[in-house]
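Coordinates from input_24.txt are shown below (compact mmCIF, C-alpha atoms).
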# COMPACT_ATOMS: atom_id res chain seq x y z
CA MET A 1 21.76 -24.56 -27.20
CA PRO A 2 22.42 -26.26 -30.58
CA ILE A 3 25.91 -26.01 -32.04
CA ALA A 4 25.77 -24.16 -35.37
CA ASN A 5 27.18 -25.79 -38.49
CA PRO A 6 29.10 -23.02 -40.31
CA ALA A 7 28.64 -24.70 -43.70
CA ILE A 8 24.84 -24.66 -43.37
CA ASN A 9 24.81 -21.03 -42.24
CA LYS A 10 27.11 -20.07 -45.12
CA THR A 11 24.86 -21.86 -47.60
CA ALA A 12 21.82 -20.08 -46.18
CA GLN A 13 23.55 -16.73 -46.55
CA ASN A 14 24.91 -17.32 -50.08
CA VAL A 15 21.65 -18.49 -51.63
CA PRO A 16 18.76 -15.98 -51.83
CA PRO A 17 16.02 -16.88 -49.31
CA HIS A 18 13.40 -16.69 -52.08
CA ALA A 19 15.16 -19.62 -53.80
CA TRP A 20 14.80 -21.76 -50.69
CA PHE A 21 11.15 -20.76 -50.44
CA SER A 22 10.56 -21.70 -54.09
CA ILE A 23 11.87 -25.23 -53.50
CA SER A 24 9.68 -25.53 -50.42
CA ALA A 25 6.64 -24.29 -52.39
CA ILE A 26 7.09 -26.98 -55.05
CA PHE A 27 7.29 -29.83 -52.56
CA HIS A 28 4.49 -28.34 -50.46
CA TYR A 29 2.04 -29.71 -53.03
CA LEU A 30 3.96 -32.66 -54.44
CA GLY A 31 4.00 -34.33 -51.04
CA PRO A 32 0.25 -34.04 -50.31
CA SER A 33 -0.55 -35.21 -53.84
CA PHE A 34 1.36 -38.44 -53.20
CA ALA A 35 -0.23 -38.76 -49.75
CA VAL A 36 -3.80 -38.55 -51.08
CA LEU A 37 -3.05 -41.42 -53.46
CA LEU A 38 -1.95 -43.55 -50.51
CA PHE A 39 -5.01 -42.89 -48.31
CA PRO A 40 -7.01 -45.90 -49.66
CA ALA A 41 -4.11 -48.32 -49.15
CA ILE A 42 -2.64 -47.13 -45.85
CA GLY A 43 -5.27 -44.90 -44.23
CA VAL A 44 -5.03 -41.25 -43.31
CA LEU A 45 -3.44 -41.74 -39.90
CA GLY A 46 -1.09 -44.38 -41.32
CA VAL A 47 0.14 -41.96 -43.99
CA ALA A 48 0.58 -39.25 -41.33
CA TRP A 49 2.65 -41.72 -39.27
CA PHE A 50 4.85 -42.61 -42.26
CA ARG A 51 5.38 -38.91 -42.99
CA ILE A 52 6.55 -38.03 -39.48
CA ALA A 53 8.37 -41.33 -38.80
CA SER A 54 10.42 -41.25 -41.99
CA ALA A 55 11.26 -37.57 -41.53
CA ALA A 56 12.33 -38.14 -37.91
CA LEU A 57 14.49 -41.10 -38.98
CA ILE A 58 16.19 -39.07 -41.72
CA PHE A 59 16.81 -36.05 -39.49
CA ALA A 60 18.14 -38.04 -36.52
CA PRO A 61 21.68 -38.96 -37.74
CA PHE A 62 22.76 -35.42 -38.61
CA THR A 63 20.70 -33.34 -36.16
CA ARG A 64 21.13 -35.61 -33.11
CA PRO A 65 17.83 -34.63 -31.46
CA TRP A 66 18.71 -36.22 -28.11
CA GLU A 67 21.73 -33.90 -27.83
CA THR A 68 19.76 -30.84 -28.89
CA ILE A 69 17.13 -31.54 -26.23
CA SER A 70 19.70 -32.25 -23.49
CA ARG A 71 21.65 -29.03 -24.24
CA ALA A 72 18.58 -26.79 -24.34
CA ASP A 73 17.47 -24.75 -21.34
CA MET A 74 13.87 -24.75 -20.11
CA LYS A 75 12.82 -22.08 -22.60
CA GLY A 76 14.49 -23.96 -25.44
CA ARG A 77 12.85 -27.24 -24.49
CA ALA A 78 9.47 -25.52 -24.34
CA LEU A 79 10.03 -24.27 -27.91
CA LEU A 80 10.99 -27.77 -29.09
CA ALA A 81 7.97 -29.34 -27.42
CA ALA A 82 5.61 -26.70 -28.83
CA LEU A 83 7.00 -27.11 -32.35
CA GLY A 84 6.85 -30.90 -32.11
CA ILE A 85 3.23 -30.86 -30.93
CA CYS A 86 2.38 -28.35 -33.67
CA LEU A 87 3.97 -30.50 -36.41
CA ALA A 88 2.18 -33.65 -35.26
CA ALA A 89 -1.23 -32.00 -34.95
CA MET A 90 -0.87 -29.87 -38.11
CA ASN A 91 0.14 -32.74 -40.39
CA THR A 92 -2.59 -35.01 -39.04
CA SER A 93 -5.36 -32.42 -39.27
CA PHE A 94 -4.19 -31.48 -42.79
CA TYR A 95 -4.56 -35.07 -43.99
CA LEU A 96 -7.89 -35.54 -42.19
CA ALA A 97 -9.17 -32.41 -43.95
CA LEU A 98 -7.87 -33.57 -47.34
CA GLU A 99 -9.71 -36.87 -46.87
CA ARG A 100 -13.05 -35.04 -46.73
CA LEU A 101 -12.63 -31.72 -48.57
CA PRO A 102 -11.20 -30.48 -51.90
CA MET A 103 -7.57 -29.39 -51.66
CA SER A 104 -8.51 -25.92 -52.94
CA LEU A 105 -10.78 -25.32 -49.93
CA VAL A 106 -8.23 -26.68 -47.46
CA ALA A 107 -5.55 -24.45 -49.00
CA ALA A 108 -7.88 -21.44 -48.81
CA LEU A 109 -8.52 -21.90 -45.12
CA GLU A 110 -4.80 -22.50 -44.54
CA PHE A 111 -3.99 -19.19 -46.21
CA VAL A 112 -6.53 -17.24 -44.14
CA GLY A 113 -4.40 -17.76 -41.05
CA THR A 114 -1.22 -16.58 -42.74
CA ILE A 115 -2.86 -13.24 -43.57
CA GLY A 116 -2.94 -12.46 -39.88
CA VAL A 117 0.79 -13.18 -39.62
CA ALA A 118 1.50 -10.87 -42.56
CA LEU A 119 -0.69 -8.10 -41.13
CA TYR A 120 1.16 -8.32 -37.81
CA GLY A 121 4.38 -7.12 -39.42
CA LEU A 122 3.05 -4.71 -42.05
CA ARG A 123 3.99 -1.04 -41.59
CA THR A 124 3.28 0.73 -44.90
CA GLY A 125 0.42 1.34 -47.32
CA ARG A 126 2.56 -0.28 -50.00
CA ASN A 127 2.61 -3.55 -48.07
CA PHE A 128 -1.14 -3.43 -47.45
CA ALA A 129 -1.61 -3.00 -51.22
CA ALA A 130 0.76 -5.93 -51.85
CA LEU A 131 -1.19 -8.14 -49.47
CA ALA A 132 -4.50 -7.08 -51.04
CA LEU A 133 -3.28 -8.04 -54.52
CA ALA A 134 -2.03 -11.40 -53.23
CA VAL A 135 -5.31 -12.16 -51.46
CA ILE A 136 -7.37 -11.32 -54.56
CA GLY A 137 -5.09 -13.51 -56.67
CA VAL A 138 -5.36 -16.42 -54.26
CA TYR A 139 -9.14 -16.06 -54.16
CA ILE A 140 -9.30 -16.26 -57.96
CA LEU A 141 -7.02 -19.29 -58.03
CA ILE A 142 -8.65 -21.37 -55.34
CA ASP A 143 -12.26 -20.54 -56.28
CA VAL A 144 -13.38 -20.90 -52.66
CA ARG A 145 -16.15 -23.45 -52.12
CA TRP A 146 -17.82 -24.16 -48.83
CA SER A 147 -18.66 -27.70 -47.84
CA SER A 148 -21.54 -29.23 -45.94
CA ASP A 149 -19.05 -31.43 -44.07
CA PRO A 150 -18.66 -29.84 -40.60
CA LEU A 151 -16.03 -32.36 -39.46
CA GLY A 152 -13.95 -31.72 -42.56
CA LEU A 153 -14.22 -27.96 -41.97
CA PHE A 154 -13.16 -28.44 -38.36
CA TRP A 155 -9.97 -30.23 -39.43
CA ALA A 156 -9.30 -27.59 -42.12
CA PHE A 157 -9.72 -24.69 -39.67
CA LEU A 158 -7.54 -26.48 -37.12
CA ASN A 159 -4.85 -27.02 -39.74
CA GLY A 160 -4.98 -23.32 -40.68
CA ALA A 161 -4.54 -22.24 -37.07
CA LEU A 162 -1.68 -24.68 -36.55
CA PHE A 163 -0.02 -23.48 -39.76
CA VAL A 164 0.19 -20.01 -38.20
CA GLY A 165 1.77 -21.64 -35.15
CA TYR A 166 4.30 -23.39 -37.41
CA ILE A 167 5.30 -20.05 -38.97
CA VAL A 168 5.72 -18.33 -35.59
CA LEU A 169 7.54 -21.24 -33.91
CA GLY A 170 9.61 -21.97 -37.01
CA HIS A 171 10.89 -18.40 -37.06
CA LYS A 172 11.82 -18.62 -33.39
CA ALA A 173 13.72 -21.84 -34.10
CA ALA A 174 15.66 -20.13 -36.90
CA SER A 175 16.24 -16.88 -34.98
CA ASP A 176 19.96 -17.51 -34.45
CA GLY A 177 20.81 -19.14 -37.77
CA ALA A 178 19.66 -21.80 -40.20
CA ALA A 179 21.93 -24.51 -38.77
CA ASN A 180 20.49 -24.15 -35.28
CA GLY A 181 17.01 -23.99 -36.78
CA ILE A 182 17.49 -27.29 -38.61
CA GLU A 183 18.84 -28.95 -35.45
CA ARG A 184 15.81 -27.74 -33.52
CA LEU A 185 13.59 -28.95 -36.36
CA GLY A 186 15.11 -32.43 -36.06
CA ALA A 187 14.43 -32.47 -32.32
CA ALA A 188 10.87 -31.26 -32.83
CA MET A 189 10.31 -33.94 -35.46
CA ALA A 190 11.46 -36.61 -33.00
CA ILE A 191 8.95 -35.28 -30.45
CA ALA A 192 6.22 -35.29 -33.12
CA PHE A 193 7.08 -38.93 -33.88
CA LEU A 194 6.64 -39.91 -30.22
CA ILE A 195 3.25 -38.17 -30.18
CA LEU A 196 2.03 -39.89 -33.35
CA MET A 197 3.40 -43.35 -32.50
CA PRO A 198 0.27 -44.56 -30.64
CA ILE A 199 -2.07 -42.80 -33.11
CA GLY A 200 -1.00 -43.93 -36.56
CA PHE A 201 1.23 -46.95 -35.99
CA VAL A 202 -1.57 -49.53 -36.14
CA GLN A 203 -2.66 -48.44 -39.64
CA ALA A 204 0.93 -48.09 -40.84
CA ALA A 205 1.99 -51.50 -39.49
CA GLN A 206 -0.61 -53.26 -41.65
CA VAL A 207 1.41 -52.49 -44.81
CA PHE A 208 4.92 -53.14 -43.47
CA GLY A 209 5.07 -56.27 -45.64
CA ALA A 210 4.35 -54.32 -48.83
CA VAL A 211 7.71 -52.87 -49.84
CA ASN A 212 6.24 -50.57 -52.48
CA LEU A 213 3.82 -48.99 -50.00
CA VAL A 214 6.52 -48.58 -47.36
CA LEU A 215 8.80 -46.86 -49.89
CA ALA A 216 5.91 -44.67 -51.00
CA GLY A 217 5.23 -43.70 -47.38
CA ILE A 218 8.90 -42.80 -46.91
CA GLY A 219 8.73 -40.78 -50.12
CA VAL A 220 5.82 -38.80 -48.70
CA GLY A 221 7.91 -38.00 -45.64
CA ILE A 222 10.86 -36.83 -47.73
CA CYS A 223 8.71 -34.70 -50.04
CA SER A 224 6.43 -33.32 -47.34
CA SER A 225 8.52 -32.93 -44.17
CA VAL A 226 12.23 -33.16 -44.99
CA ILE A 227 12.86 -31.07 -48.11
CA PRO A 228 10.28 -28.31 -47.55
CA TYR A 229 10.89 -27.92 -43.80
CA ILE A 230 14.67 -27.66 -44.26
CA CYS A 231 14.14 -25.09 -47.02
CA ASP A 232 11.71 -23.23 -44.76
CA GLN A 233 14.39 -22.96 -42.06
CA LEU A 234 16.96 -21.72 -44.58
CA ALA A 235 14.46 -19.09 -45.76
CA MET A 236 13.11 -18.17 -42.30
CA SER A 237 16.62 -17.51 -41.00
CA ARG A 238 16.80 -14.51 -43.39
CA LEU A 239 13.20 -13.44 -44.11
CA PRO A 240 11.01 -11.38 -41.76
CA ARG A 241 7.99 -13.31 -40.55
CA ALA A 242 5.53 -11.05 -42.44
CA SER A 243 7.51 -11.44 -45.68
CA PHE A 244 7.50 -15.22 -45.36
CA ALA A 245 3.75 -15.19 -44.70
CA LEU A 246 3.08 -13.09 -47.79
CA LEU A 247 5.24 -15.37 -49.96
CA LEU A 248 2.94 -18.21 -48.97
CA ALA A 249 0.45 -16.62 -51.37
CA LEU A 250 2.58 -18.22 -54.09
CA LEU A 251 1.48 -21.70 -53.07
CA PRO A 252 -1.77 -21.79 -55.09
CA ALA A 253 0.15 -20.49 -58.12
CA THR A 254 2.76 -23.22 -57.60
CA ALA A 255 -0.01 -25.82 -57.41
CA THR A 256 -1.41 -24.57 -60.74
CA VAL A 257 1.97 -24.89 -62.46
CA ILE A 258 2.59 -28.37 -61.01
CA ALA A 259 -0.86 -29.50 -62.16
CA ALA A 260 -0.15 -28.25 -65.69
CA ILE A 261 3.23 -30.03 -65.90
CA VAL A 262 2.50 -33.27 -64.02
CA LEU A 263 -1.23 -33.75 -64.59
CA SER A 264 -1.64 -31.92 -67.94
CA GLN A 265 -4.26 -29.64 -66.36
CA ILE A 266 -3.78 -26.50 -68.45
CA PRO A 267 -4.67 -23.32 -66.48
CA THR A 268 -7.52 -21.11 -67.71
CA PHE A 269 -7.23 -17.37 -68.31
CA ARG A 270 -8.83 -16.93 -64.88
CA ASP A 271 -6.04 -19.00 -63.33
CA LEU A 272 -3.37 -17.01 -65.15
CA GLY A 273 -4.97 -13.77 -63.94
CA GLY A 274 -4.82 -15.01 -60.37
CA ILE A 275 -1.17 -16.00 -60.74
CA PHE A 276 -0.36 -12.54 -62.16
CA LEU A 277 -2.00 -10.78 -59.19
CA VAL A 278 -0.13 -12.96 -56.70
CA MET A 279 3.18 -12.30 -58.43
CA ALA A 280 2.41 -8.56 -58.55
CA GLY A 281 1.71 -8.54 -54.82
CA VAL A 282 5.01 -10.25 -54.06
CA ALA A 283 6.87 -7.94 -56.46
CA ILE A 284 5.73 -4.68 -54.80
CA HIS A 285 6.03 -6.02 -51.26
CA LYS A 286 8.67 -4.25 -49.20
CA PRO A 287 10.09 -6.48 -46.44
CA VAL A 288 9.91 -5.18 -42.88
CA GLN A 289 12.44 -5.70 -40.11
CA LYS A 290 12.58 -9.25 -38.81
CA VAL A 291 10.42 -9.80 -35.71

Please re-express this file's structure in C-alpha cells.
Amino acid sequence: MPIANPAINKTAQNVPPHAWFSISAIFHYLGPSFAVLLFPAIGVLGVAWFRIASAALIFAPFTRPWETISRADMKGRALLAALGICLAAMNTSFYLALERLPMSLVAALEFVGTIGVALYGLRTGRNFAALALAVIGVYILIDVRWSSDPLGLFWAFLNGALFVGYIVLGHKAASDGAANGIERLGAAMAIAFLILMPIGFVQAAQVFGAVNLVLAGIGVGICSSVIPYICDQLAMSRLPRASFALLLALLPATATVIAAIVLSQIPTFRDLGGIFLVMAGVAIHKPVQKV
C-alpha cells in the first residue's frame, strides 16, 4: 500500500473540496484548447503521447510509481493497471474525437455518462431535481448537435464511457486519503505511458528538434493531466462519487467563462440562462454518503 503524506492529507482536509474541483474545471478546458492547436503540427496521437509522457515524468520523482506498484497487493495492482489503461484510452479517444467533432458535442456525450454515476448515488427527490436542473442547463449550454461522422461519434462515445470509468476508479484510488490517491495516480500514469509509448511516440519524435513544440506538448501535459488530476484526487478524497459527478455539470459553464475571458467570446442570454440552471442544480444538491 502507498505511504500517506500527512501534509497532502492535511491540505486536502483544510481546503474545501469544491475549491479543488474548481481548479480542475478550469484546466479541464484550458488543456484541450492548447492540444487542439497542436494537432496540425504534432498529430493527434503525438499530442496524446506528450500529454501522458510529460505527466508521467512530472509525477515520477515525488510519487515513485515503481515503489507504489511493488508495495501493492494483487487487488491494488489490478486497480493501478485498470486506472492506467483507462487514462491512456480515455485521453487518446478524447483527442481523436476532438479532431473530428465540435468540442460541444464531445463534451455533451462525455456528460451523458456522468449522469449515470450521479443517479447511482442519488437517494432523494431533492437530488433528482438538482440533477434535472443541471442537465437542462448543460443542454442549453452545449446546444447538442449530431454529426454525420460515425468514427468521430465512436471515439466520443468511447471517451464518455471511459470518463465514467475514470470517476469510479479515481474514487477507489482516493478511498483512503488524497496522498495515497495521488501516489496511485502517479503509478497509473506510468502504466499509461508504457501503453502509449508504441502508439504515439513516432508522431511525437518528429518534433523533438523543435523546442517550442516540445515545450508546448509538455504544457499540455501539465494543464491536462497534472494539475486537474491532482485536484480531482484532492476533491474525490472528500466528495461522494455522486456529488463529484453532479459537479461535472459545471464544466460547460466553466468553458463559457474561459471563452469570454481568453477568446473574447461573450456569452448570450441563452448561455447565461444555462449557467444559472447549472449553478442552481449544484446549489440545491444534497450530498449523499460516500460510496

Report as a Markdown table the residues of range 41-65 of chain A within 6 Å of range 198-207 of chain A, each with its shortest atom pair and distance in Å (one decimal), using all atoms listed in the file, ordered by chain and increasing residue number.
| residue | atom | partner | partner_atom | distance |
| --- | --- | --- | --- | --- |
| A:Leu45 | CA | A:Gly200 | CA | 4.7 |
| A:Gly46 | CA | A:Ala204 | CA | 4.3 |
| A:Trp49 | CA | A:Gly200 | CA | 5.1 |

Restricting the output to C-alpha atoms, write the selected residues as a PDB file, in the frame of the given file.
ATOM      1  CA  LEU A  45      -3.440 -41.740 -39.900  1.00  0.00           C
ATOM      2  CA  GLY A  46      -1.090 -44.380 -41.320  1.00  0.00           C
ATOM      3  CA  TRP A  49       2.650 -41.720 -39.270  1.00  0.00           C
TER       4      TRP A  49
END

Ref. answer, residues at most 12 Å from (1.6, -41.3, -49.2) with only C-alpha atoms, as an mmCIF file with C-alpha atoms, in the frame of the given file:
data_model
loop_
_atom_site.group_PDB
_atom_site.id
_atom_site.type_symbol
_atom_site.label_atom_id
_atom_site.label_comp_id
_atom_site.auth_asym_id
_atom_site.auth_seq_id
_atom_site.Cartn_x
_atom_site.Cartn_y
_atom_site.Cartn_z
ATOM 1 C CA LEU A 30 3.960 -32.660 -54.440
ATOM 2 C CA GLY A 31 4.000 -34.330 -51.040
ATOM 3 C CA PRO A 32 0.250 -34.040 -50.310
ATOM 4 C CA SER A 33 -0.550 -35.210 -53.840
ATOM 5 C CA PHE A 34 1.360 -38.440 -53.200
ATOM 6 C CA ALA A 35 -0.230 -38.760 -49.750
ATOM 7 C CA VAL A 36 -3.800 -38.550 -51.080
ATOM 8 C CA LEU A 37 -3.050 -41.420 -53.460
ATOM 9 C CA LEU A 38 -1.950 -43.550 -50.510
ATOM 10 C CA PHE A 39 -5.010 -42.890 -48.310
ATOM 11 C CA PRO A 40 -7.010 -45.900 -49.660
ATOM 12 C CA ALA A 41 -4.110 -48.320 -49.150
ATOM 13 C CA ILE A 42 -2.640 -47.130 -45.850
ATOM 14 C CA GLY A 43 -5.270 -44.900 -44.230
ATOM 15 C CA VAL A 44 -5.030 -41.250 -43.310
ATOM 16 C CA LEU A 45 -3.440 -41.740 -39.900
ATOM 17 C CA GLY A 46 -1.090 -44.380 -41.320
ATOM 18 C CA VAL A 47 0.140 -41.960 -43.990
ATOM 19 C CA ALA A 48 0.580 -39.250 -41.330
ATOM 20 C CA TRP A 49 2.650 -41.720 -39.270
ATOM 21 C CA PHE A 50 4.850 -42.610 -42.260
ATOM 22 C CA ARG A 51 5.380 -38.910 -42.990
ATOM 23 C CA ILE A 52 6.550 -38.030 -39.480
ATOM 24 C CA SER A 54 10.420 -41.250 -41.990
ATOM 25 C CA TYR A 95 -4.560 -35.070 -43.990
ATOM 26 C CA ALA A 204 0.930 -48.090 -40.840
ATOM 27 C CA ASN A 212 6.240 -50.570 -52.480
ATOM 28 C CA LEU A 213 3.820 -48.990 -50.000
ATOM 29 C CA VAL A 214 6.520 -48.580 -47.360
ATOM 30 C CA LEU A 215 8.800 -46.860 -49.890
ATOM 31 C CA ALA A 216 5.910 -44.670 -51.000
ATOM 32 C CA GLY A 217 5.230 -43.700 -47.380
ATOM 33 C CA ILE A 218 8.900 -42.800 -46.910
ATOM 34 C CA GLY A 219 8.730 -40.780 -50.120
ATOM 35 C CA VAL A 220 5.820 -38.800 -48.700
ATOM 36 C CA GLY A 221 7.910 -38.000 -45.640
ATOM 37 C CA ILE A 222 10.860 -36.830 -47.730
ATOM 38 C CA CYS A 223 8.710 -34.700 -50.040
ATOM 39 C CA SER A 224 6.430 -33.320 -47.340
ATOM 40 C CA SER A 225 8.520 -32.930 -44.170
#

Original post:
Taking into account only C-alpha atoms, which residue in the set A:Phe269, A:Phe94, A:Phe208, A:Phe62 is nearest to Gly152 in chain A?
Top reply: A:Phe94

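Relative to CA of Ile167 in chain A, CA of Arg241 in chain A is found at 7.4 Å.
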
Subject >> Non-local contacts of Ile266 in chain A (10 Å; all atoms listed in the file; under 6 positions in same chain excluded) as a ChimeraX atom specification >> reply: /A:256-260

Original post:
So what do you get for CA of Ala107 in chain A versus CA of Gly165 in chain A, distance-wise?
Top reply: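 About the pair CA of Ala107 in chain A and CA of Gly165 in chain A: they are 15.9 Å apart.
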
**OP:** Just give me the gap between CA of Ala132 in chain A and CA of Gly281 in chain A in Å, one decimal is fine.
**Re:**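 Separating CA of Ala132 in chain A from CA of Gly281 in chain A is a distance of 7.4 Å.
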
Return as JSON the centre and edge lengths, in Å with one decimal, of the box along x, y and z that encloses every atom of range 45-61 of chain A in the file, padded by 5 Å per side.
{"center_x": 9.1, "center_y": -40.2, "center_z": -40.3, "size_x": 35.1, "size_y": 18.3, "size_z": 17.5}

List every residue of range 55-105 of chain A that has an atom at most 10 Å from any atom of range 181-195 of chain A, giving for each one its closest atom pair and the distance in Å to one decimal, counting only C-alpha atoms, sorted by chain and then by ascending residue number, as CSV.
residue,atom,partner,partner_atom,distance
A:Ala55,CA,A:Met189,CA,7.1
A:Ala56,CA,A:Ala190,CA,5.2
A:Leu57,CA,A:Ala190,CA,8.1
A:Ile58,CA,A:Gly186,CA,8.8
A:Phe59,CA,A:Gly186,CA,5.3
A:Ala60,CA,A:Gly186,CA,6.4
A:Pro61,CA,A:Gly186,CA,9.4
A:Phe62,CA,A:Glu183,CA,8.2
A:Thr63,CA,A:Glu183,CA,4.8
A:Arg64,CA,A:Gly186,CA,7.4
A:Pro65,CA,A:Ala187,CA,4.1
A:Trp66,CA,A:Ala187,CA,7.1
A:Glu67,CA,A:Ala187,CA,8.7
A:Thr68,CA,A:Ala187,CA,6.5
A:Ile69,CA,A:Ala187,CA,6.7
A:Ala72,CA,A:Arg184,CA,9.6
A:Gly76,CA,A:Arg184,CA,9.0
A:Arg77,CA,A:Ala188,CA,9.5
A:Leu79,CA,A:Ala188,CA,8.6
A:Leu80,CA,A:Ala188,CA,5.1
A:Ala81,CA,A:Ala188,CA,6.4
A:Ala82,CA,A:Ala188,CA,8.0
A:Leu83,CA,A:Ala188,CA,5.7
A:Gly84,CA,A:Ala188,CA,4.1
A:Ile85,CA,A:Ala192,CA,5.8
A:Cys86,CA,A:Ala192,CA,8.0
A:Leu87,CA,A:Ala192,CA,6.2
A:Ala88,CA,A:Ala192,CA,4.9
A:Ala89,CA,A:Ala192,CA,8.3
A:Asn91,CA,A:Ala192,CA,9.8

Subject >> Glu110 in chain A environment, 10 Å, all atoms listed in the file, sequence neighbours closer than 5 positions dropped, as a ChimeraX atom specification >> reply: /A:94,104-105,115,156-164,248

Subject >> Shell of 7 Å around Leu96 in chain A, all atoms listed in the file, local chain residues under 4 positions omitted, as a PyMOL selection string >> reply: chain A and resi 44+92+100+155

Write out the residues from the selection above, keeping C-alpha atoms, as a PDB file, in the coordinates of the input.
ATOM      1  CA  VAL A  44      -5.030 -41.250 -43.310  1.00  0.00           C
ATOM      2  CA  THR A  92      -2.590 -35.010 -39.040  1.00  0.00           C
ATOM      3  CA  ARG A 100     -13.050 -35.040 -46.730  1.00  0.00           C
ATOM      4  CA  TRP A 155      -9.970 -30.230 -39.430  1.00  0.00           C
TER       5      TRP A 155
END

**OP:** Write out as a VMD selection string which residues come within 9 Å of Leu251 in chain A when counting all atoms listed in the file, dropping same-chain ones fewer than 4 positions away.
**Re:** chain A and resid 25 to 26 28 to 29 107 138 247 255 to 256

Rebuild N, CA and C atoms on range 200-221 of chain A, as a CSV table (one decimal), in the coordinates of the input?
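part.csv, freshly written:
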chain,number,residue,atom,x,y,z
A,200,GLY,N,-1.0,-43.4,-35.2
A,200,GLY,CA,-1.0,-43.9,-36.6
A,200,GLY,C,-0.3,-45.2,-36.8
A,201,PHE,N,0.4,-45.8,-35.8
A,201,PHE,CA,1.2,-47.0,-36.0
A,201,PHE,C,0.4,-48.2,-36.4
A,202,VAL,N,-0.8,-48.3,-35.8
A,202,VAL,CA,-1.6,-49.5,-36.1
A,202,VAL,C,-1.9,-49.6,-37.6
A,203,GLN,N,-2.4,-48.5,-38.2
A,203,GLN,CA,-2.7,-48.4,-39.6
A,203,GLN,C,-1.4,-48.6,-40.5
A,204,ALA,N,-0.3,-48.0,-40.1
A,204,ALA,CA,0.9,-48.1,-40.8
A,204,ALA,C,1.5,-49.5,-40.8
A,205,ALA,N,1.4,-50.2,-39.7
A,205,ALA,CA,2.0,-51.5,-39.5
A,205,ALA,C,1.3,-52.5,-40.4
A,206,GLN,N,0.1,-52.3,-40.8
A,206,GLN,CA,-0.6,-53.3,-41.6
A,206,GLN,C,0.0,-53.4,-43.0
A,207,VAL,N,0.8,-52.4,-43.5
A,207,VAL,CA,1.4,-52.5,-44.8
A,207,VAL,C,2.9,-52.7,-44.8
A,208,PHE,N,3.5,-53.0,-43.6
A,208,PHE,CA,4.9,-53.1,-43.5
A,208,PHE,C,5.5,-54.2,-44.4
A,209,GLY,N,4.6,-55.2,-44.8
A,209,GLY,CA,5.1,-56.3,-45.6
A,209,GLY,C,5.0,-55.9,-47.1
A,210,ALA,N,4.4,-54.8,-47.4
A,210,ALA,CA,4.4,-54.3,-48.8
A,210,ALA,C,5.4,-53.3,-49.1
A,211,VAL,N,6.5,-53.7,-49.7
A,211,VAL,CA,7.7,-52.9,-49.8
A,211,VAL,C,7.4,-51.6,-50.6
A,212,ASN,N,6.6,-51.7,-51.7
A,212,ASN,CA,6.2,-50.6,-52.5
A,212,ASN,C,5.5,-49.5,-51.7
A,213,LEU,N,4.6,-50.0,-50.8
A,213,LEU,CA,3.8,-49.0,-50.0
A,213,LEU,C,4.7,-48.3,-48.9
A,214,VAL,N,5.6,-49.1,-48.4
A,214,VAL,CA,6.5,-48.6,-47.4
A,214,VAL,C,7.4,-47.5,-48.0
A,215,LEU,N,7.9,-47.8,-49.2
A,215,LEU,CA,8.8,-46.9,-49.9
A,215,LEU,C,8.0,-45.6,-50.3
A,216,ALA,N,6.7,-45.8,-50.7
A,216,ALA,CA,5.9,-44.7,-51.0
A,216,ALA,C,5.7,-43.8,-49.8
A,217,GLY,N,5.4,-44.4,-48.6
A,217,GLY,CA,5.2,-43.7,-47.4
A,217,GLY,C,6.5,-42.9,-47.0
A,218,ILE,N,7.6,-43.5,-47.2
A,218,ILE,CA,8.9,-42.8,-46.9
A,218,ILE,C,9.1,-41.6,-47.9
A,219,GLY,N,8.7,-41.9,-49.1
A,219,GLY,CA,8.7,-40.8,-50.1
A,219,GLY,C,7.9,-39.6,-49.7
A,220,VAL,N,6.7,-39.9,-49.2
A,220,VAL,CA,5.8,-38.8,-48.7
A,220,VAL,C,6.5,-38.0,-47.6
A,221,GLY,N,7.2,-38.7,-46.7
A,221,GLY,CA,7.9,-38.0,-45.6
A,221,GLY,C,9.0,-37.1,-46.2
